[in-house]
Amino acid sequence: YNDALTKAIYEPFAKETGITVTTVNYQSAQVIAQVRQGRPQVDLMDNSLLIFQKMARLECLEPVDHDRLKSVKGAGIAEHNLPEYAVGK
């Protein structure tokens, strides 16, 4: 799974932006605790939309500006998979 994500997402993102992607394996509870302590250690998460809904209710996420994501516009992602705080897959 990680190899596929690296090839399809992380490497193209790094090439386009110059930002290196480093993956870590945190449970959502760990990220929630980091945010509540004011010390989040992640910028993006690969998780289920259900977890993102929970984290949004807990005010642990920032909104995603879908208009700034070039690849989202032409990807054919259904509108219900583009909530305020996530991009579904």
# chains A, B, ... in the order shown; residues from 1 in each chain; ligands from 1
$ closest_atom_pairs --of "region 20-85 of chain A" --to "region 5-12 of chain A" --cutoff "9 Å" --atoms "only C-alpha atoms" --output "CSV"
residue,atom,partner,partner_atom,distance
A:Thr20,CA,A:Tyr10,CA,8.0
A:Val21,CA,A:Tyr10,CA,6.1
A:Thr22,CA,A:Tyr10,CA,8.8
$ residues_around --residues "region 70-79 of chain A" --least-positions-apart "2" --cutoff "10 Å" --atoms "only C-alpha atoms" --output "PyMOL selection string"
chain A and resi 9+13+66-68+81-83+87-89
$ write_last_selection --atoms "all heavy atoms" --output "compact mmCIF listing (two decimals), in the first residue's frame"
# COMPACT_ATOMS: atom_id res chain seq x y z
N ILE A 9 1.28 9.22 -5.38
CA ILE A 9 0.98 10.49 -4.71
C ILE A 9 2.23 11.20 -4.20
O ILE A 9 2.47 12.35 -4.53
CB ILE A 9 -0.01 10.26 -3.54
CG1 ILE A 9 -1.33 9.70 -4.09
CG2 ILE A 9 -0.25 11.54 -2.76
CD1 ILE A 9 -2.30 9.24 -3.04
N PHE A 13 3.89 14.60 -5.83
CA PHE A 13 3.75 15.77 -4.98
C PHE A 13 5.11 16.40 -4.71
O PHE A 13 5.28 17.61 -4.83
CB PHE A 13 3.07 15.39 -3.65
CG PHE A 13 3.01 16.51 -2.66
CD1 PHE A 13 2.00 17.46 -2.73
CD2 PHE A 13 3.96 16.62 -1.66
CE1 PHE A 13 1.95 18.50 -1.81
CE2 PHE A 13 3.91 17.65 -0.74
CZ PHE A 13 2.90 18.60 -0.81
N HIS A 66 -9.84 22.71 -1.57
CA HIS A 66 -9.86 21.79 -2.70
C HIS A 66 -9.52 22.48 -4.02
O HIS A 66 -8.98 21.85 -4.93
CB HIS A 66 -11.24 21.12 -2.81
CG HIS A 66 -11.56 20.26 -1.63
ND1 HIS A 66 -12.42 20.65 -0.65
CD2 HIS A 66 -11.12 19.03 -1.27
CE1 HIS A 66 -12.51 19.71 0.27
NE2 HIS A 66 -11.73 18.71 -0.08
N ASP A 67 -9.80 23.77 -4.14
CA ASP A 67 -9.51 24.50 -5.38
C ASP A 67 -8.01 24.60 -5.65
O ASP A 67 -7.59 24.78 -6.78
CB ASP A 67 -10.12 25.89 -5.34
CG ASP A 67 -11.64 25.85 -5.38
OD1 ASP A 67 -12.19 24.87 -5.93
OD2 ASP A 67 -12.26 26.79 -4.87
N ARG A 68 -7.19 24.50 -4.62
CA ARG A 68 -5.74 24.60 -4.79
C ARG A 68 -5.11 23.27 -5.19
O ARG A 68 -3.94 23.22 -5.54
CB ARG A 68 -5.08 25.08 -3.50
CG ARG A 68 -5.44 26.52 -3.18
CD ARG A 68 -4.64 27.05 -2.03
NE ARG A 68 -3.22 27.06 -2.38
CZ ARG A 68 -2.25 26.98 -1.48
NH1 ARG A 68 -2.53 26.87 -0.21
NH2 ARG A 68 -0.99 26.99 -1.86
N ASN A 81 -17.26 12.80 -1.41
CA ASN A 81 -15.93 12.41 -0.95
C ASN A 81 -14.98 13.61 -0.85
O ASN A 81 -13.77 13.44 -0.74
CB ASN A 81 -15.32 11.36 -1.87
CG ASN A 81 -15.80 9.97 -1.56
OD1 ASN A 81 -16.16 9.68 -0.42
ND2 ASN A 81 -15.83 9.11 -2.55
N LEU A 82 -15.55 14.81 -0.90
CA LEU A 82 -14.76 16.03 -0.75
C LEU A 82 -15.34 16.91 0.37
O LEU A 82 -15.70 18.06 0.15
CB LEU A 82 -14.74 16.81 -2.07
CG LEU A 82 -14.03 16.13 -3.23
CD1 LEU A 82 -14.26 16.89 -4.51
CD2 LEU A 82 -12.55 15.95 -2.93
N PRO A 83 -15.39 16.36 1.59
CA PRO A 83 -15.89 17.18 2.69
C PRO A 83 -14.89 18.28 3.02
O PRO A 83 -13.77 18.31 2.48
CB PRO A 83 -16.01 16.18 3.84
CG PRO A 83 -15.01 15.12 3.53
CD PRO A 83 -14.98 15.04 2.03
N VAL A 87 -10.05 14.74 1.60
CA VAL A 87 -10.23 14.32 0.20
C VAL A 87 -10.36 12.81 0.24
O VAL A 87 -9.44 12.12 0.64
CB VAL A 87 -9.02 14.72 -0.67
CG1 VAL A 87 -9.18 14.16 -2.08
CG2 VAL A 87 -8.84 16.23 -0.71
N GLY A 88 -11.53 12.33 -0.14
CA GLY A 88 -11.77 10.89 -0.13
C GLY A 88 -11.11 10.21 -1.31
O GLY A 88 -10.72 10.84 -2.29
N LYS A 89 -11.00 8.91 -1.20
CA LYS A 89 -10.40 8.15 -2.30
C LYS A 89 -11.18 6.87 -2.52
O LYS A 89 -11.95 6.45 -1.74
CB LYS A 89 -8.94 7.84 -2.01
CG LYS A 89 -8.71 7.09 -0.72
CD LYS A 89 -7.24 6.85 -0.50
CE LYS A 89 -7.12 5.97 0.70
NZ LYS A 89 -6.22 6.13 1.64
$ closest_residue --among "A:Ile19, A:Leu69, A:Val64, A:Ala86" --to "Met45 (chain A)" --atoms "only C-alpha atoms"
A:Ala86
$ atom_distance --atom1 "CA of Gln41 (chain A)" --atom2 "CA of Met55 (chain A)"
15.1 Å
$ closest_residue --among "A:Val24, A:Val35, A:Ala29, A:Ala14" --to "Cys60 (chain A)" --atoms "only C-alpha atoms"
A:Val35
$ closest_residue --among "A:Ala4, A:Leu58, A:Leu44, A:Leu49" --to "Ile32 (chain A)" --atoms "only C-alpha atoms"
A:Leu58
$ select_by_dssp --residues "chain A" --states "helix (DSSP H, G or I)" --output "number ranges by chain"
A: 2-17, 28-36, 49-57, 66-68, 70-73, 79-81
$ atom_distance --atom1 "CA of Thr23 (chain A)" --atom2 "CA of Asn47 (chain A)"
12.9 Å
$ closest_residue --among "A:Arg57, A:Asp46, A:Glu84, A:Thr17" --to "Tyr1 (chain A)" --atoms "only C-alpha atoms"
A:Asp46
$ decode --residues "region 24-49 of chain A" --atoms "N, CA and C atoms" --output "PDB file, in the first residue's frame"
ATOM      1  N   VAL A  24       4.731   8.339   8.622  1.00  0.00           N
ATOM      2  CA  VAL A  24       4.778   7.819   9.988  1.00  0.00           C
ATOM      3  C   VAL A  24       3.476   7.066  10.241  1.00  0.00           C
ATOM      4  N   ASN A  25       3.495   6.188  11.198  1.00  0.00           N
ATOM      5  CA  ASN A  25       2.304   5.413  11.529  1.00  0.00           C
ATOM      6  C   ASN A  25       1.790   5.821  12.906  1.00  0.00           C
ATOM      7  N   TYR A  26       0.859   6.768  12.913  1.00  0.00           N
ATOM      8  CA  TYR A  26       0.211   7.197  14.146  1.00  0.00           C
ATOM      9  C   TYR A  26      -1.243   6.750  14.116  1.00  0.00           C
ATOM     10  N   GLN A  27      -1.781   6.416  15.258  1.00  0.00           N
ATOM     11  CA  GLN A  27      -3.214   6.189  15.397  1.00  0.00           C
ATOM     12  C   GLN A  27      -3.875   7.562  15.504  1.00  0.00           C
ATOM     13  N   SER A  28      -5.149   7.651  15.128  1.00  0.00           N
ATOM     14  CA  SER A  28      -5.830   8.947  15.182  1.00  0.00           C
ATOM     15  C   SER A  28      -5.839   9.515  16.596  1.00  0.00           C
ATOM     16  N   ALA A  29      -5.926   8.666  17.613  1.00  0.00           N
ATOM     17  CA  ALA A  29      -5.921   9.150  19.004  1.00  0.00           C
ATOM     18  C   ALA A  29      -4.608   9.869  19.322  1.00  0.00           C
ATOM     19  N   GLN A  30      -3.511   9.394  18.748  1.00  0.00           N
ATOM     20  CA  GLN A  30      -2.220  10.051  18.973  1.00  0.00           C
ATOM     21  C   GLN A  30      -2.206  11.442  18.333  1.00  0.00           C
ATOM     22  N   VAL A  31      -2.761  11.544  17.137  1.00  0.00           N
ATOM     23  CA  VAL A  31      -2.793  12.841  16.452  1.00  0.00           C
ATOM     24  C   VAL A  31      -3.721  13.799  17.191  1.00  0.00           C
ATOM     25  N   ILE A  32      -4.857  13.311  17.654  1.00  0.00           N
ATOM     26  CA  ILE A  32      -5.785  14.145  18.432  1.00  0.00           C
ATOM     27  C   ILE A  32      -5.072  14.682  19.676  1.00  0.00           C
ATOM     28  N   ALA A  33      -4.342  13.829  20.376  1.00  0.00           N
ATOM     29  CA  ALA A  33      -3.605  14.266  21.570  1.00  0.00           C
ATOM     30  C   ALA A  33      -2.553  15.311  21.207  1.00  0.00           C
ATOM     31  N   GLN A  34      -1.847  15.110  20.092  1.00  0.00           N
ATOM     32  CA  GLN A  34      -0.839  16.083  19.662  1.00  0.00           C
ATOM     33  C   GLN A  34      -1.470  17.441  19.380  1.00  0.00           C
ATOM     34  N   VAL A  35      -2.611  17.441  18.698  1.00  0.00           N
ATOM     35  CA  VAL A  35      -3.293  18.699  18.368  1.00  0.00           C
ATOM     36  C   VAL A  35      -3.753  19.393  19.643  1.00  0.00           C
ATOM     37  N   ARG A  36      -4.343  18.643  20.562  1.00  0.00           N
ATOM     38  CA  ARG A  36      -4.830  19.237  21.811  1.00  0.00           C
ATOM     39  C   ARG A  36      -3.695  19.825  22.652  1.00  0.00           C
ATOM     40  N   GLN A  37      -2.505  19.253  22.516  1.00  0.00           N
ATOM     41  CA  GLN A  37      -1.342  19.779  23.232  1.00  0.00           C
ATOM     42  C   GLN A  37      -0.682  20.927  22.480  1.00  0.00           C
ATOM     43  N   GLY A  38      -1.211  21.228  21.283  1.00  0.00           N
ATOM     44  CA  GLY A  38      -0.634  22.301  20.475  1.00  0.00           C
ATOM     45  C   GLY A  38       0.652  21.907  19.789  1.00  0.00           C
ATOM     46  N   ARG A  39       0.886  20.603  19.633  1.00  0.00           N
ATOM     47  CA  ARG A  39       2.130  20.127  19.044  1.00  0.00           C
ATOM     48  C   ARG A  39       1.871  19.045  17.987  1.00  0.00           C
ATOM     49  N   PRO A  40       1.050  19.326  16.981  1.00  0.00           N
ATOM     50  CA  PRO A  40       0.817  18.296  15.965  1.00  0.00           C
ATOM     51  C   PRO A  40       2.108  17.979  15.213  1.00  0.00           C
ATOM     52  N   GLN A  41       2.294  16.711  14.919  1.00  0.00           N
ATOM     53  CA  GLN A  41       3.505  16.274  14.243  1.00  0.00           C
ATOM     54  C   GLN A  41       3.232  15.779  12.826  1.00  0.00           C
ATOM     55  N   VAL A  42       2.029  16.044  12.310  1.00  0.00           N
ATOM     56  CA  VAL A  42       1.677  15.645  10.950  1.00  0.00           C
ATOM     57  C   VAL A  42       1.023  16.819  10.232  1.00  0.00           C
ATOM     58  N   ASP A  43       1.166  16.822   8.920  1.00  0.00           N
ATOM     59  CA  ASP A  43       0.495  17.816   8.091  1.00  0.00           C
ATOM     60  C   ASP A  43      -0.716  17.215   7.397  1.00  0.00           C
ATOM     61  N   LEU A  44      -0.598  15.942   7.003  1.00  0.00           N
ATOM     62  CA  LEU A  44      -1.666  15.240   6.290  1.00  0.00           C
ATOM     63  C   LEU A  44      -1.825  13.848   6.874  1.00  0.00           C
ATOM     64  N   MET A  45      -3.045  13.317   6.732  1.00  0.00           N
ATOM     65  CA  MET A  45      -3.317  11.961   7.216  1.00  0.00           C
ATOM     66  C   MET A  45      -4.005  11.148   6.132  1.00  0.00           C
ATOM     67  N   ASP A  46      -3.687   9.879   6.091  1.00  0.00           N
ATOM     68  CA  ASP A  46      -4.378   8.920   5.235  1.00  0.00           C
ATOM     69  C   ASP A  46      -5.223   8.068   6.178  1.00  0.00           C
ATOM     70  N   ASN A  47      -6.511   8.327   6.188  1.00  0.00           N
ATOM     71  CA  ASN A  47      -7.400   7.651   7.122  1.00  0.00           C
ATOM     72  C   ASN A  47      -8.787   7.566   6.505  1.00  0.00           C
ATOM     73  N   SER A  48      -9.731   7.033   7.240  1.00  0.00           N
ATOM     74  CA  SER A  48     -11.096   6.920   6.723  1.00  0.00           C
ATOM     75  C   SER A  48     -11.843   8.238   6.915  1.00  0.00           C
ATOM     76  N   LEU A  49     -12.849   8.454   6.077  1.00  0.00           N
ATOM     77  CA  LEU A  49     -13.659   9.666   6.225  1.00  0.00           C
ATOM     78  C   LEU A  49     -14.377   9.688   7.567  1.00  0.00           C
TER      79      LEU A  49
END
